[in-house]
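For reference, structure-v7.cif (mmCIF, C-alpha atoms; chains and numbers go by the auth columns):
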data_run
#
loop_
_atom_site.group_PDB
_atom_site.id
_atom_site.type_symbol
_atom_site.label_atom_id
_atom_site.label_comp_id
_atom_site.label_asym_id
_atom_site.label_seq_id
_atom_site.Cartn_x
_atom_site.Cartn_y
_atom_site.Cartn_z
_atom_site.B_iso_or_equiv
_atom_site.auth_seq_id
_atom_site.auth_asym_id
ATOM 1 C CA MET A 1 2.674 -16.811 20.986 0.00 1 A
ATOM 2 C CA GLY A 2 3.424 -19.618 23.432 0.00 2 A
ATOM 3 C CA GLU A 3 0.954 -21.763 25.366 0.00 3 A
ATOM 4 C CA GLY A 4 -0.781 -19.909 28.183 0.00 4 A
ATOM 5 C CA ARG A 5 0.556 -16.482 27.200 0.00 5 A
ATOM 6 C CA ILE A 6 -2.001 -13.670 27.451 0.00 6 A
ATOM 7 C CA TRP A 7 -1.939 -11.228 24.551 0.00 7 A
ATOM 8 C CA ARG A 8 -2.040 -7.517 25.389 0.00 8 A
ATOM 9 C CA ARG A 9 -1.662 -4.285 23.477 0.00 9 A
ATOM 10 C CA ARG A 10 1.856 -3.051 24.141 0.00 10 A
ATOM 11 C CA THR A 11 2.940 0.561 24.561 0.00 11 A
ATOM 12 C CA SER A 12 6.608 -0.019 23.730 0.00 12 A
ATOM 13 C CA GLY A 13 8.849 -2.340 21.763 0.00 13 A
ATOM 14 C CA ASN A 14 6.303 -3.163 19.062 0.00 14 A
ATOM 15 C CA LYS A 15 7.549 -4.902 15.931 0.00 15 A
ATOM 16 C CA LEU A 16 6.586 -3.007 12.763 0.00 16 A
ATOM 17 C CA THR A 17 6.366 -5.204 9.663 0.00 17 A
ATOM 18 C CA ALA A 18 5.774 -3.852 6.164 0.00 18 A
ATOM 19 C CA ILE A 19 3.973 -6.080 3.664 0.00 19 A
ATOM 20 C CA MET A 20 4.105 -5.769 -0.104 0.00 20 A
ATOM 21 C CA GLN A 21 2.985 -7.701 -3.155 0.00 21 A
ATOM 22 C CA VAL A 22 5.101 -7.162 -6.259 0.00 22 A
ATOM 23 C CA ARG A 23 5.150 -8.129 -9.909 0.00 23 A
ATOM 24 C CA ASN A 24 7.647 -6.989 -12.562 0.00 24 A
ATOM 25 C CA GLU A 25 8.791 -3.861 -10.717 0.00 25 A
ATOM 26 C CA GLN A 26 12.326 -3.716 -12.135 0.00 26 A
ATOM 27 C CA GLY A 27 13.272 -0.254 -13.396 0.00 27 A
ATOM 28 C CA ARG A 28 10.486 1.525 -11.530 0.00 28 A
ATOM 29 C CA TYR A 29 10.326 2.557 -7.860 0.00 29 A
ATOM 30 C CA LEU A 30 10.867 -0.707 -5.984 0.00 30 A
ATOM 31 C CA GLU A 31 14.464 -0.070 -4.894 0.00 31 A
ATOM 32 C CA ALA A 32 13.668 3.437 -3.648 0.00 32 A
ATOM 33 C CA VAL A 33 10.606 2.192 -1.766 0.00 33 A
ATOM 34 C CA LEU A 34 12.471 -0.690 -0.126 0.00 34 A
ATOM 35 C CA GLY A 35 15.307 1.648 0.796 0.00 35 A
ATOM 36 C CA GLU A 36 12.902 4.078 2.473 0.00 36 A
ATOM 37 C CA LEU A 37 11.030 1.296 4.271 0.00 37 A
ATOM 38 C CA SER A 38 14.280 -0.195 5.534 0.00 38 A
ATOM 39 C CA SER A 39 14.981 3.042 7.381 0.00 39 A
ATOM 40 C CA PHE A 40 11.953 2.850 9.686 0.00 40 A
ATOM 41 C CA VAL A 41 10.401 -0.656 9.778 0.00 41 A
ATOM 42 C CA ASP A 42 11.681 -3.751 11.573 0.00 42 A
ATOM 43 C CA GLY A 43 10.994 -6.230 8.815 0.00 43 A
ATOM 44 C CA ILE A 44 9.473 -6.561 5.344 0.00 44 A
ATOM 45 C CA VAL A 45 7.394 -9.472 4.035 0.00 45 A
ATOM 46 C CA ILE A 46 6.946 -9.730 0.255 0.00 46 A
ATOM 47 C CA VAL A 47 5.009 -12.009 -2.077 0.00 47 A
ATOM 48 C CA ASP A 48 6.359 -11.888 -5.644 0.00 48 A
ATOM 49 C CA ASP A 49 3.461 -12.634 -7.986 0.00 49 A
ATOM 50 C CA ALA A 50 5.449 -14.684 -10.536 0.00 50 A
ATOM 51 C CA SER A 51 7.613 -11.824 -11.825 0.00 51 A
ATOM 52 C CA THR A 52 9.438 -12.443 -15.095 0.00 52 A
ATOM 53 C CA ASP A 53 12.149 -9.805 -14.529 0.00 53 A
ATOM 54 C CA ASP A 54 14.682 -9.206 -11.726 0.00 54 A
ATOM 55 C CA THR A 55 12.100 -8.110 -9.127 0.00 55 A
ATOM 56 C CA TYR A 56 12.760 -11.132 -6.902 0.00 56 A
ATOM 57 C CA ASP A 57 16.521 -10.498 -6.808 0.00 57 A
ATOM 58 C CA ILE A 58 15.990 -6.802 -6.039 0.00 58 A
ATOM 59 C CA CYS A 59 13.810 -7.721 -3.058 0.00 59 A
ATOM 60 C CA ARG A 60 16.298 -10.315 -1.851 0.00 60 A
ATOM 61 C CA SER A 61 19.103 -7.733 -1.816 0.00 61 A
ATOM 62 C CA PHE A 62 17.571 -5.795 1.107 0.00 62 A
ATOM 63 C CA ASP A 63 18.469 -7.020 4.591 0.00 63 A
ATOM 64 C CA LYS A 64 15.150 -5.891 6.108 0.00 64 A
ATOM 65 C CA VAL A 65 13.263 -8.322 3.838 0.00 65 A
ATOM 66 C CA GLU A 66 12.753 -11.106 6.370 0.00 66 A
ATOM 67 C CA LYS A 67 10.426 -13.199 4.222 0.00 67 A
ATOM 68 C CA LEU A 68 10.187 -13.388 0.438 0.00 68 A
ATOM 69 C CA VAL A 69 7.760 -15.778 -1.243 0.00 69 A
ATOM 70 C CA ARG A 70 7.906 -16.361 -4.989 0.00 70 A
ATOM 71 C CA LEU A 71 4.746 -17.649 -6.691 0.00 71 A
ATOM 72 C CA GLU A 72 5.183 -19.845 -9.730 0.00 72 A
ATOM 73 C CA GLU A 73 1.800 -18.892 -11.207 0.00 73 A
ATOM 74 C CA PRO A 74 0.434 -15.332 -10.946 0.00 74 A
ATOM 75 C CA LEU A 75 -2.628 -14.535 -8.867 0.00 75 A
ATOM 76 C CA PHE A 76 -3.108 -11.030 -10.268 0.00 76 A
ATOM 77 C CA GLU A 77 -6.516 -11.875 -11.722 0.00 77 A
ATOM 78 C CA GLN A 78 -7.604 -13.268 -8.341 0.00 78 A
ATOM 79 C CA GLU A 79 -6.327 -10.422 -6.230 0.00 79 A
ATOM 80 C CA TRP A 80 -8.170 -11.434 -3.063 0.00 80 A
ATOM 81 C CA LYS A 81 -6.148 -14.672 -2.999 0.00 81 A
ATOM 82 C CA LEU A 82 -2.923 -12.704 -3.424 0.00 82 A
ATOM 83 C CA ARG A 83 -3.830 -10.299 -0.618 0.00 83 A
ATOM 84 C CA SER A 84 -4.845 -13.183 1.639 0.00 84 A
ATOM 85 C CA ARG A 85 -1.608 -15.071 0.965 0.00 85 A
ATOM 86 C CA LEU A 86 0.475 -11.980 1.755 0.00 86 A
ATOM 87 C CA TRP A 87 -1.416 -11.394 5.005 0.00 87 A
ATOM 88 C CA GLN A 88 -0.927 -14.990 6.148 0.00 88 A
ATOM 89 C CA GLU A 89 2.783 -14.943 5.316 0.00 89 A
ATOM 90 C CA ALA A 90 3.151 -11.794 7.416 0.00 90 A
ATOM 91 C CA ALA A 91 1.095 -13.224 10.285 0.00 91 A
ATOM 92 C CA ASP A 92 3.461 -16.195 10.441 0.00 92 A
ATOM 93 C CA THR A 93 6.319 -13.802 11.344 0.00 93 A
ATOM 94 C CA GLU A 94 4.433 -12.679 14.505 0.00 94 A
ATOM 95 C CA PRO A 95 4.285 -8.925 13.855 0.00 95 A
ATOM 96 C CA ASP A 96 2.805 -6.426 16.292 0.00 96 A
ATOM 97 C CA TRP A 97 1.826 -3.943 13.601 0.00 97 A
ATOM 98 C CA VAL A 98 1.444 -4.404 9.834 0.00 98 A
ATOM 99 C CA LEU A 99 2.057 -1.588 7.331 0.00 99 A
ATOM 100 C CA SER A 100 0.641 -2.341 3.887 0.00 100 A
ATOM 101 C CA VAL A 101 2.741 -0.657 1.209 0.00 101 A
ATOM 102 C CA ASP A 102 2.598 -0.818 -2.564 0.00 102 A
ATOM 103 C CA ALA A 103 5.824 -0.910 -4.555 0.00 103 A
ATOM 104 C CA ASP A 104 5.304 2.700 -5.646 0.00 104 A
ATOM 105 C CA GLU A 105 4.577 4.447 -2.335 0.00 105 A
ATOM 106 C CA ILE A 106 6.867 6.684 -0.285 0.00 106 A
ATOM 107 C CA TYR A 107 5.997 7.913 3.224 0.00 107 A
ATOM 108 C CA GLU A 108 6.875 11.533 3.933 0.00 108 A
ATOM 109 C CA GLN A 109 9.568 12.317 6.499 0.00 109 A
ATOM 110 C CA ARG A 110 7.063 13.420 9.150 0.00 110 A
ATOM 111 C CA ALA A 111 5.244 10.093 8.913 0.00 111 A
ATOM 112 C CA LYS A 112 8.448 8.113 9.290 0.00 112 A
ATOM 113 C CA LYS A 113 9.460 10.144 12.339 0.00 113 A
ATOM 114 C CA GLN A 114 6.086 9.773 14.039 0.00 114 A
ATOM 115 C CA ILE A 115 5.297 6.167 13.242 0.00 115 A
ATOM 116 C CA ARG A 116 6.775 4.748 16.474 0.00 116 A
ATOM 117 C CA SER A 117 4.544 6.943 18.588 0.00 117 A
ATOM 118 C CA LEU A 118 1.612 5.821 16.455 0.00 118 A
ATOM 119 C CA ILE A 119 2.190 2.151 17.209 0.00 119 A
ATOM 120 C CA ASP A 120 3.525 2.320 20.770 0.00 120 A
ATOM 121 C CA GLN A 121 0.130 3.008 22.337 0.00 121 A
ATOM 122 C CA ASP A 122 -2.918 0.980 23.427 0.00 122 A
ATOM 123 C CA ARG A 123 -5.795 3.286 22.454 0.00 123 A
ATOM 124 C CA TYR A 124 -6.393 2.399 18.794 0.00 124 A
ATOM 125 C CA ASP A 125 -5.715 -0.459 16.413 0.00 125 A
ATOM 126 C CA TRP A 126 -5.382 1.141 12.998 0.00 126 A
ATOM 127 C CA VAL A 127 -3.920 4.311 11.517 0.00 127 A
ATOM 128 C CA ALA A 128 -4.950 6.094 8.325 0.00 128 A
ATOM 129 C CA PHE A 129 -2.919 8.482 6.160 0.00 129 A
ATOM 130 C CA ARG A 130 -3.496 10.881 3.277 0.00 130 A
ATOM 131 C CA MET A 131 -2.550 9.333 -0.085 0.00 131 A
ATOM 132 C CA PHE A 132 -1.460 11.700 -2.893 0.00 132 A
ATOM 133 C CA ASP A 133 -1.392 10.636 -6.559 0.00 133 A
ATOM 134 C CA MET A 134 1.760 12.180 -8.006 0.00 134 A
ATOM 135 C CA TRP A 135 1.193 12.861 -11.691 0.00 135 A
ATOM 136 C CA GLY A 136 3.708 13.086 -14.513 0.00 136 A
ATOM 137 C CA SER A 137 6.565 13.878 -12.116 0.00 137 A
ATOM 138 C CA LEU A 138 7.622 13.684 -8.476 0.00 138 A
ATOM 139 C CA THR A 139 6.828 17.368 -7.940 0.00 139 A
ATOM 140 C CA HIS A 140 3.062 17.578 -8.585 0.00 140 A
ATOM 141 C CA TYR A 141 -0.037 15.645 -7.580 0.00 141 A
ATOM 142 C CA ARG A 142 -3.376 15.499 -9.353 0.00 142 A
ATOM 143 C CA GLU A 143 -6.598 16.875 -7.887 0.00 143 A
ATOM 144 C CA ASP A 144 -9.951 16.849 -9.669 0.00 144 A
ATOM 145 C CA GLU A 145 -13.285 15.054 -9.714 0.00 145 A
ATOM 146 C CA TRP A 146 -11.724 11.623 -10.185 0.00 146 A
ATOM 147 C CA TRP A 147 -8.391 12.084 -8.429 0.00 147 A
ATOM 148 C CA ASN A 148 -8.975 13.197 -4.856 0.00 148 A
ATOM 149 C CA LEU A 149 -7.946 10.251 -2.690 0.00 149 A
ATOM 150 C CA HIS A 150 -5.813 12.635 -0.616 0.00 150 A
ATOM 151 C CA LYS A 151 -8.976 14.362 0.597 0.00 151 A
ATOM 152 C CA ARG A 152 -9.950 11.175 2.400 0.00 152 A
ATOM 153 C CA HIS A 153 -8.011 8.894 4.710 0.00 153 A
ATOM 154 C CA SER A 154 -6.523 5.536 3.723 0.00 154 A
ATOM 155 C CA MET A 155 -6.027 2.889 6.395 0.00 155 A
ATOM 156 C CA THR A 156 -2.620 1.321 5.756 0.00 156 A
ATOM 157 C CA LEU A 157 -1.314 0.526 9.264 0.00 157 A
ATOM 158 C CA VAL A 158 -3.023 -1.982 11.605 0.00 158 A
ATOM 159 C CA ARG A 159 -2.249 -3.779 14.818 0.00 159 A
ATOM 160 C CA TYR A 160 -1.940 -7.546 14.400 0.00 160 A
ATOM 161 C CA MET A 161 -3.994 -9.354 17.020 0.00 161 A
ATOM 162 C CA PRO A 162 -3.718 -13.162 17.150 0.00 162 A
ATOM 163 C CA GLY A 163 -7.136 -14.766 16.906 0.00 163 A
ATOM 164 C CA TYR A 164 -8.906 -11.778 15.373 0.00 164 A
ATOM 165 C CA PRO A 165 -11.021 -12.757 12.299 0.00 165 A
ATOM 166 C CA TYR A 166 -9.154 -11.108 9.432 0.00 166 A
ATOM 167 C CA SER A 167 -10.785 -11.531 6.008 0.00 167 A
ATOM 168 C CA TYR A 168 -10.746 -10.062 2.509 0.00 168 A
ATOM 169 C CA PRO A 169 -13.705 -9.753 0.113 0.00 169 A
ATOM 170 C CA GLN A 170 -13.481 -12.248 -2.745 0.00 170 A
ATOM 171 C CA TRP A 171 -12.961 -9.699 -5.513 0.00 171 A
ATOM 172 C CA GLU A 172 -10.851 -10.181 -8.614 0.00 172 A
ATOM 173 C CA HIS A 173 -9.546 -6.591 -8.675 0.00 173 A
ATOM 174 C CA HIS A 174 -9.370 -3.462 -6.484 0.00 174 A
ATOM 175 C CA VAL A 175 -9.265 -5.528 -3.298 0.00 175 A
ATOM 176 C CA PRO A 176 -8.653 -3.480 -0.122 0.00 176 A
ATOM 177 C CA ARG A 177 -5.014 -3.624 0.902 0.00 177 A
ATOM 178 C CA LEU A 178 -5.950 -4.666 4.457 0.00 178 A
ATOM 179 C CA PRO A 179 -8.674 -7.047 5.676 0.00 179 A
ATOM 180 C CA LEU A 180 -12.105 -5.393 5.767 0.00 180 A
ATOM 181 C CA SER A 181 -12.647 -6.620 9.305 0.00 181 A
ATOM 182 C CA CYS A 182 -9.952 -4.180 10.507 0.00 182 A
ATOM 183 C CA ALA A 183 -12.397 -1.324 9.965 0.00 183 A
ATOM 184 C CA ALA A 184 -14.534 -2.586 12.855 0.00 184 A
ATOM 185 C CA LEU A 185 -11.724 -1.716 15.262 0.00 185 A
ATOM 186 C CA GLN A 186 -11.054 1.687 16.775 0.00 186 A
ATOM 187 C CA GLY A 187 -8.543 3.711 14.813 0.00 187 A
ATOM 188 C CA VAL A 188 -7.150 7.167 14.182 0.00 188 A
ATOM 189 C CA ALA A 189 -6.964 9.278 11.020 0.00 189 A
ATOM 190 C CA THR A 190 -3.819 11.392 10.723 0.00 190 A
ATOM 191 C CA GLU A 191 -2.802 14.200 8.386 0.00 191 A
ATOM 192 C CA LEU A 192 0.484 12.451 7.611 0.00 192 A
ATOM 193 C CA ARG A 193 1.009 11.942 3.913 0.00 193 A
ATOM 194 C CA VAL A 194 2.094 9.281 1.442 0.00 194 A
ATOM 195 C CA LYS A 195 3.283 9.872 -2.109 0.00 195 A
ATOM 196 C CA HIS A 196 1.807 7.418 -4.610 0.00 196 A
ATOM 197 C CA LEU A 197 4.214 7.353 -7.546 0.00 197 A
ATOM 198 C CA GLY A 198 2.290 4.978 -9.785 0.00 198 A
ATOM 199 C CA TRP A 199 1.169 7.788 -12.107 0.00 199 A
ATOM 200 C CA ALA A 200 4.341 9.874 -11.875 0.00 200 A
ATOM 201 C CA GLY A 201 5.955 8.369 -14.961 0.00 201 A
ATOM 202 C CA SER A 202 5.598 9.177 -18.638 0.00 202 A
ATOM 203 C CA GLU A 203 2.400 9.586 -20.613 0.00 203 A
ATOM 204 C CA GLU A 204 3.178 6.284 -22.320 0.00 204 A
ATOM 205 C CA GLU A 205 3.337 4.484 -18.973 0.00 205 A
ATOM 206 C CA ARG A 206 0.006 5.942 -17.892 0.00 206 A
ATOM 207 C CA LYS A 207 -1.585 4.916 -21.182 0.00 207 A
ATOM 208 C CA ALA A 208 -0.255 1.381 -20.718 0.00 208 A
ATOM 209 C CA LYS A 209 -1.853 1.228 -17.248 0.00 209 A
ATOM 210 C CA TYR A 210 -5.107 2.517 -18.719 0.00 210 A
ATOM 211 C CA GLU A 211 -5.072 -0.248 -21.314 0.00 211 A
ATOM 212 C CA ARG A 212 -4.454 -2.881 -18.627 0.00 212 A
ATOM 213 C CA TYR A 213 -7.399 -1.621 -16.578 0.00 213 A
ATOM 214 C CA LYS A 214 -9.665 -1.733 -19.632 0.00 214 A
ATOM 215 C CA GLN A 215 -8.449 -5.228 -20.448 0.00 215 A
ATOM 216 C CA TYR A 216 -9.048 -6.645 -16.966 0.00 216 A
ATOM 217 C CA ASP A 217 -12.243 -4.693 -16.250 0.00 217 A
ATOM 218 C CA PRO A 218 -13.848 -3.768 -19.604 0.00 218 A
ATOM 219 C CA TYR A 219 -17.344 -3.288 -18.164 0.00 219 A
ATOM 220 C CA GLY A 220 -16.423 -1.454 -14.976 0.00 220 A
ATOM 221 C CA LYS A 221 -17.364 -4.316 -12.667 0.00 221 A
ATOM 222 C CA TRP A 222 -14.526 -3.606 -10.210 0.00 222 A
ATOM 223 C CA GLY A 223 -13.992 0.087 -10.817 0.00 223 A
ATOM 224 C CA SER A 224 -15.408 3.154 -12.570 0.00 224 A
ATOM 225 C CA LEU A 225 -15.128 3.333 -16.357 0.00 225 A
ATOM 226 C CA ALA A 226 -15.215 7.124 -16.127 0.00 226 A
ATOM 227 C CA HIS A 227 -12.282 6.975 -13.721 0.00 227 A
ATOM 228 C CA TYR A 228 -10.368 4.803 -16.162 0.00 228 A
ATOM 229 C CA GLU A 229 -11.067 7.262 -19.000 0.00 229 A
ATOM 230 C CA SER A 230 -9.860 10.186 -16.869 0.00 230 A
ATOM 231 C CA ILE A 231 -6.356 8.701 -16.993 0.00 231 A
ATOM 232 C CA LEU A 232 -6.129 9.990 -20.567 0.00 232 A
ATOM 233 C CA ASP A 233 -7.090 13.585 -19.696 0.00 233 A
ATOM 234 C CA PRO A 234 -4.565 15.722 -21.641 0.00 234 A
ATOM 235 C CA LYS A 235 -4.744 18.651 -19.181 0.00 235 A
ATOM 236 C CA PRO A 236 -5.257 17.346 -15.642 0.00 236 A
ATOM 237 C CA ASN A 237 -5.314 19.778 -12.716 0.00 237 A
ATOM 238 C CA LEU A 238 -1.939 19.501 -10.986 0.00 238 A
ATOM 239 C CA ILE A 239 -0.795 20.983 -7.667 0.00 239 A
ATOM 240 C CA ARG A 240 2.811 21.328 -6.537 0.00 240 A
ATOM 241 C CA TRP A 241 3.850 19.048 -3.688 0.00 241 A
ATOM 242 C CA ARG A 242 5.373 20.890 -0.740 0.00 242 A
ATOM 243 C CA GLU A 243 7.243 18.976 1.915 0.00 243 A
ATOM 244 C CA GLU A 244 5.896 19.672 5.391 0.00 244 A
ATOM 245 C CA VAL A 245 8.378 20.136 8.214 0.00 245 A
ATOM 246 C CA ASP A 246 7.734 18.441 11.543 0.00 246 A
ATOM 247 C CA ILE A 247 8.392 21.116 14.151 0.00 247 A
ATOM 248 C CA GLY A 248 7.301 18.984 17.077 0.00 248 A
#
What is this file in C-alpha cells?
Amino acid sequence: MGEGRIWRRRTSGNKLTAIMQVRNEQGRYLEAVLGELSSFVDGIVIVDDASTDDTYDICRSFDKVEKLVRLEEPLFEQEWKLRSRLWQEAADTEPDWVLSVDADEIYEQRAKKQIRSLIDQDRYDWVAFRMFDMWGSLTHYREDEWWNLHKRHSMTLVRYMPGYPYSYPQWEHHVPRLPLSCAALQGVATELRVKHLGWAGSEEERKAKYERYKQYDPYGKWGSLAHYESILDPKPNLIRWREEVDIG
C-alpha cells in the first residue's frame, strides 16, 4: 500500500479480483466459467490443487488470470489450508474487492451488469447473492427439503481491507468460501442470482460425487448424511430456470 498511505473505502475505480481453487476440472465447466468471469472482473487468482489433467493449462490460457499457483501435493483433505492459501495469494495482488467463485458457477447477466455499482460504494463491505443448484441440466434447478440454498443468501463478494483479521475455521471439508470474520462487517443481500452447475451433469456424475462425499465424510462430521443420501433421489422436485431481465 505504500508507507504512510491512509486506506479508505473508494467509490470508484475499484479493482475486482475473482478467486478460485480448482482440481481436475478438464471437460467440465471451467472454460465457460473463466470466459464469463473474464468479461466482468479485472483479474483472476487461481490455486490449482495438484490437478492431474489439463486444468492448469486451461487456466493459463485466459489473459485475465493474473496469478496461477500450482500445488505439487493436494490439500483437498485439509480444505481450510487450501482456502487460506488462495486468500493469501489474492491478497498479495492488492485487490479492492474479492469475488469467490467455484469452477462450476455462472453469474446471471443482471449480476454482471450491476456488480460495478455494488463495489463502487462506501456503505457496505460484503455482498450476498442467491445460489441455485441446477440439476440434471442447465434448464432446471432443484428445490426441496435438502436443496434450498437459493432461498437464503450466500456471501461471495467482499471488500479487501489491509490489516483486517481474515481467518478460516480449521475444518477438513465444507469450509466457508470466504473468511468467517467477513460476516462481522456490514453487508447487503441482493436478489441477484448465480447458477451452480455442479449437479447439472449426468446421473453417473452425481452418483460419483455422492460416493466421494461418503468416502471423505462417512459419519457426517462435516455435513449431513441425509443431505448426502438425497443426492440419489430418483425423482427430485425440479423448477425451470427463467432468465430475469434487468430493466433498470
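From atom CA of A:Gln121 back to atom CA of A:Ser38, the distance works out to 22.2 Å.
The closest residue to A:Asp104, picked from A:Glu72, A:Glu25, A:Glu145, A:Glu79 and counting all atoms listed in the file, is A:Glu25.
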- Near A:His196, within 9 Å and counting all atoms listed in the file, which residues show up once chain neighbours fewer than 3 positions away are dropped, as a count of residues only? 13
- Message: Tell me which residues come within 7 Å of (4.6, -2.8, 15.1), as a list in words, counting all atoms listed in the file in the file's coordinates.
- Response: Asn14, Lys15, Leu16, Thr17, Pro95, Asp96, Trp97, Val98, Ile119 and Arg159 of chain A
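Of the residues under consideration (A:His174, A:Cys59, A:Thr156, A:Glu77), A:His174 shows the shortest atom-to-atom contact distance to A:Gly220 when counting all atoms listed in the file.
For the choices A:Gln26, A:Ser137, A:Gln78, A:Gln21, the atom-to-atom distance to A:Glu203 is smallest for A:Ser137 when using only C-alpha atoms.
The space separating atom CA of A:Phe76 from atom CA of A:Asp49 comes to 7.1 Å.
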Report as a PDB file with C-alpha atoms, keeping the file's coordinate frame the full result of the PyMOL selection byres ((chain A and resi 230) around 12) when it is applied to this structure.
ATOM      1  CA  ARG A 142      -3.376  15.499  -9.353  1.00  0.00           C
ATOM      2  CA  GLU A 143      -6.598  16.875  -7.887  1.00  0.00           C
ATOM      3  CA  ASP A 144      -9.951  16.849  -9.669  1.00  0.00           C
ATOM      4  CA  GLU A 145     -13.285  15.054  -9.714  1.00  0.00           C
ATOM      5  CA  TRP A 146     -11.724  11.623 -10.185  1.00  0.00           C
ATOM      6  CA  TRP A 147      -8.391  12.084  -8.429  1.00  0.00           C
ATOM      7  CA  ARG A 206       0.006   5.942 -17.892  1.00  0.00           C
ATOM      8  CA  LYS A 207      -1.585   4.916 -21.182  1.00  0.00           C
ATOM      9  CA  TYR A 210      -5.107   2.517 -18.719  1.00  0.00           C
ATOM     10  CA  SER A 224     -15.408   3.154 -12.570  1.00  0.00           C
ATOM     11  CA  LEU A 225     -15.128   3.333 -16.357  1.00  0.00           C
ATOM     12  CA  ALA A 226     -15.215   7.124 -16.127  1.00  0.00           C
ATOM     13  CA  HIS A 227     -12.282   6.975 -13.721  1.00  0.00           C
ATOM     14  CA  TYR A 228     -10.368   4.803 -16.162  1.00  0.00           C
ATOM     15  CA  GLU A 229     -11.067   7.262 -19.000  1.00  0.00           C
ATOM     16  CA  ILE A 231      -6.356   8.701 -16.993  1.00  0.00           C
ATOM     17  CA  LEU A 232      -6.129   9.990 -20.567  1.00  0.00           C
ATOM     18  CA  ASP A 233      -7.090  13.585 -19.696  1.00  0.00           C
ATOM     19  CA  PRO A 234      -4.565  15.722 -21.641  1.00  0.00           C
ATOM     20  CA  LYS A 235      -4.744  18.651 -19.181  1.00  0.00           C
ATOM     21  CA  PRO A 236      -5.257  17.346 -15.642  1.00  0.00           C
ATOM     22  CA  ASN A 237      -5.314  19.778 -12.716  1.00  0.00           C
TER      23      ASN A 237
END
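For the residues A:Val127, A:Ile19, A:Leu71, A:Leu118, ranking by smallest atom-to-atom distance to A:Ala189 using all atoms listed in the file places A:Val127 first.
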- Query: Residues picked by the PyMOL selection byres ((chain A and resi 31) around 12) here, as a VMD selection string?
  - Reply: chain A and resid 22 25 to 30 32 to 38 54 to 62 103 to 106
Take the residues from that selection and write them out as a short mmCIF file (atom, residue, chain, number, x, y, z; two decimals), keeping the file's coordinate frame, keeping C-alpha atoms.
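part21.cif, freshly written:
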data_model
loop_
_atom_site.label_atom_id
_atom_site.label_comp_id
_atom_site.auth_asym_id
_atom_site.auth_seq_id
_atom_site.Cartn_x
_atom_site.Cartn_y
_atom_site.Cartn_z
CA VAL A 22 5.10 -7.16 -6.26
CA GLU A 25 8.79 -3.86 -10.72
CA GLN A 26 12.33 -3.72 -12.14
CA GLY A 27 13.27 -0.25 -13.40
CA ARG A 28 10.49 1.52 -11.53
CA TYR A 29 10.33 2.56 -7.86
CA LEU A 30 10.87 -0.71 -5.98
CA ALA A 32 13.67 3.44 -3.65
CA VAL A 33 10.61 2.19 -1.77
CA LEU A 34 12.47 -0.69 -0.13
CA GLY A 35 15.31 1.65 0.80
CA GLU A 36 12.90 4.08 2.47
CA LEU A 37 11.03 1.30 4.27
CA SER A 38 14.28 -0.20 5.53
CA ASP A 54 14.68 -9.21 -11.73
CA THR A 55 12.10 -8.11 -9.13
CA TYR A 56 12.76 -11.13 -6.90
CA ASP A 57 16.52 -10.50 -6.81
CA ILE A 58 15.99 -6.80 -6.04
CA CYS A 59 13.81 -7.72 -3.06
CA ARG A 60 16.30 -10.32 -1.85
CA SER A 61 19.10 -7.73 -1.82
CA PHE A 62 17.57 -5.80 1.11
CA ALA A 103 5.82 -0.91 -4.56
CA ASP A 104 5.30 2.70 -5.65
CA GLU A 105 4.58 4.45 -2.34
CA ILE A 106 6.87 6.68 -0.28
#
- Task: Starting from the displayed file, determine the output of the PyMOL selection byres ((chain A and resi 125) around 8) and express the residue list as a ChimeraX atom specification.
- Result: /A:122-124,126-127,158-159,185-187
Take the residues from that selection and write them out as a PDB file, keeping the file's coordinate frame, keeping C-alpha atoms.
ATOM      1  CA  ASP A 122      -2.918   0.980  23.427  1.00  0.00           C
ATOM      2  CA  ARG A 123      -5.795   3.286  22.454  1.00  0.00           C
ATOM      3  CA  TYR A 124      -6.393   2.399  18.794  1.00  0.00           C
ATOM      4  CA  TRP A 126      -5.382   1.141  12.998  1.00  0.00           C
ATOM      5  CA  VAL A 127      -3.920   4.311  11.517  1.00  0.00           C
ATOM      6  CA  VAL A 158      -3.023  -1.982  11.605  1.00  0.00           C
ATOM      7  CA  ARG A 159      -2.249  -3.779  14.818  1.00  0.00           C
ATOM      8  CA  LEU A 185     -11.724  -1.716  15.262  1.00  0.00           C
ATOM      9  CA  GLN A 186     -11.054   1.687  16.775  1.00  0.00           C
ATOM     10  CA  GLY A 187      -8.543   3.711  14.813  1.00  0.00           C
TER      11      GLY A 187
END
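Here the question is which of A:Arg152, A:Arg8, A:Arg240, A:His173 gets nearest to A:Arg130 using only C-alpha atoms, and that residue is A:Arg152.
Interatomic distance, atom CA of A:Leu68 against atom CA of A:Glu89: 9.0 Å.
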- Residues at most 12 Å from A:Val245, counting only C-alpha atoms, excluding those fewer than 2 positions away in the same chain, as a count of residues only? 11
- Near-A:Trp171 list (12 Å; only C-alpha atoms; drop same-chain fewer than 2 positions) as an NGL selection string: :A and (75-84 or 167-169 or 173-177 or 217 or 221-223)
